[in-house]
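Worksheet: one structure, shown below.
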Amino acid sequence: DSTPSLREFYNDKINELKSTLIENSKQIKDKVTQIKIEEVSKYLVELDKTDKVGNDNLVDLLQYYELIQEIKVANAVQV
């Protein structure tokens, strides 16, 4: 179901993920990986008022959260 509250939740999580990715990318020592993570964060785009939240959007959110966990493990940050 793509209600306005779900879209608002999705957009909030997108903004949270963007800031987390940018923050964590600063801790990565490998410059190439750091740049790649910064570029990935540019693909996180909020949905417009007319867009619907689909299964693909929710799967993408989960994959971004998994990426953040992998970055933390790679940088030996306590999860």
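Identifiers for the structure tokens are assigned positionally: chains receive A, B, ... in sequence, residues are indexed from 1 per chain, and ligands are indexed from 1 in the order shown.
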12 Å contact set for A:Ser19, only C-alpha atoms, chain neighbours under 4 positions out, as an mmCIF file with C-alpha atoms, in the first residue's frame:
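Once everything was written out, this is out27.cif:
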data_model
loop_
_atom_site.group_PDB
_atom_site.id
_atom_site.type_symbol
_atom_site.label_atom_id
_atom_site.label_comp_id
_atom_site.auth_asym_id
_atom_site.auth_seq_id
_atom_site.Cartn_x
_atom_site.Cartn_y
_atom_site.Cartn_z
ATOM 1 C CA ASP A 12 12.863 10.149 5.865
ATOM 2 C CA LYS A 13 14.854 6.930 5.602
ATOM 3 C CA ILE A 14 16.411 8.062 2.304
ATOM 4 C CA ASN A 15 17.666 11.257 3.960
ATOM 5 C CA GLU A 23 29.493 10.256 7.276
ATOM 6 C CA ASN A 24 30.788 6.692 7.042
ATOM 7 C CA SER A 25 32.567 7.317 3.745
ATOM 8 C CA LYS A 26 34.825 9.837 5.491
ATOM 9 C CA ILE A 37 30.308 5.306 -1.641
ATOM 10 C CA GLU A 38 29.880 9.041 -2.131
ATOM 11 C CA VAL A 40 26.230 5.727 -4.460
ATOM 12 C CA SER A 41 24.728 8.217 -2.023
ATOM 13 C CA LYS A 42 23.810 10.424 -4.990
ATOM 14 C CA LEU A 44 19.322 8.051 -3.092
ATOM 15 C CA ILE A 68 26.106 0.540 5.716
#
Here atom CA of A:Leu17 and atom CA of A:Asp48 stand apart by 17.5 Å
List the neighbours of stretch 71-77 of chain A out to 8 Å using only C-alpha atoms; skip same-chain residues closer than 2 positions along the sequence, and give me the result as an NGL selection string. :A and (24 or 27-28 or 67-69 or 79)
message: I need the residues of stretch 8-56 of chain A that end up classed as alpha helix (DSSP H) by DSSP on the backbone, written out as a ChimeraX atom specification.
response: /A:8-25,31-41,55-56
- Message: Give me, as a ChimeraX atom specification, all polymer residues having an atom no more than 10 Å from stretch 3-8 of chain A, counting only C-alpha atoms and skipping those fewer than 5 positions away in the same chain.
- Response: /A:13-14,46-54
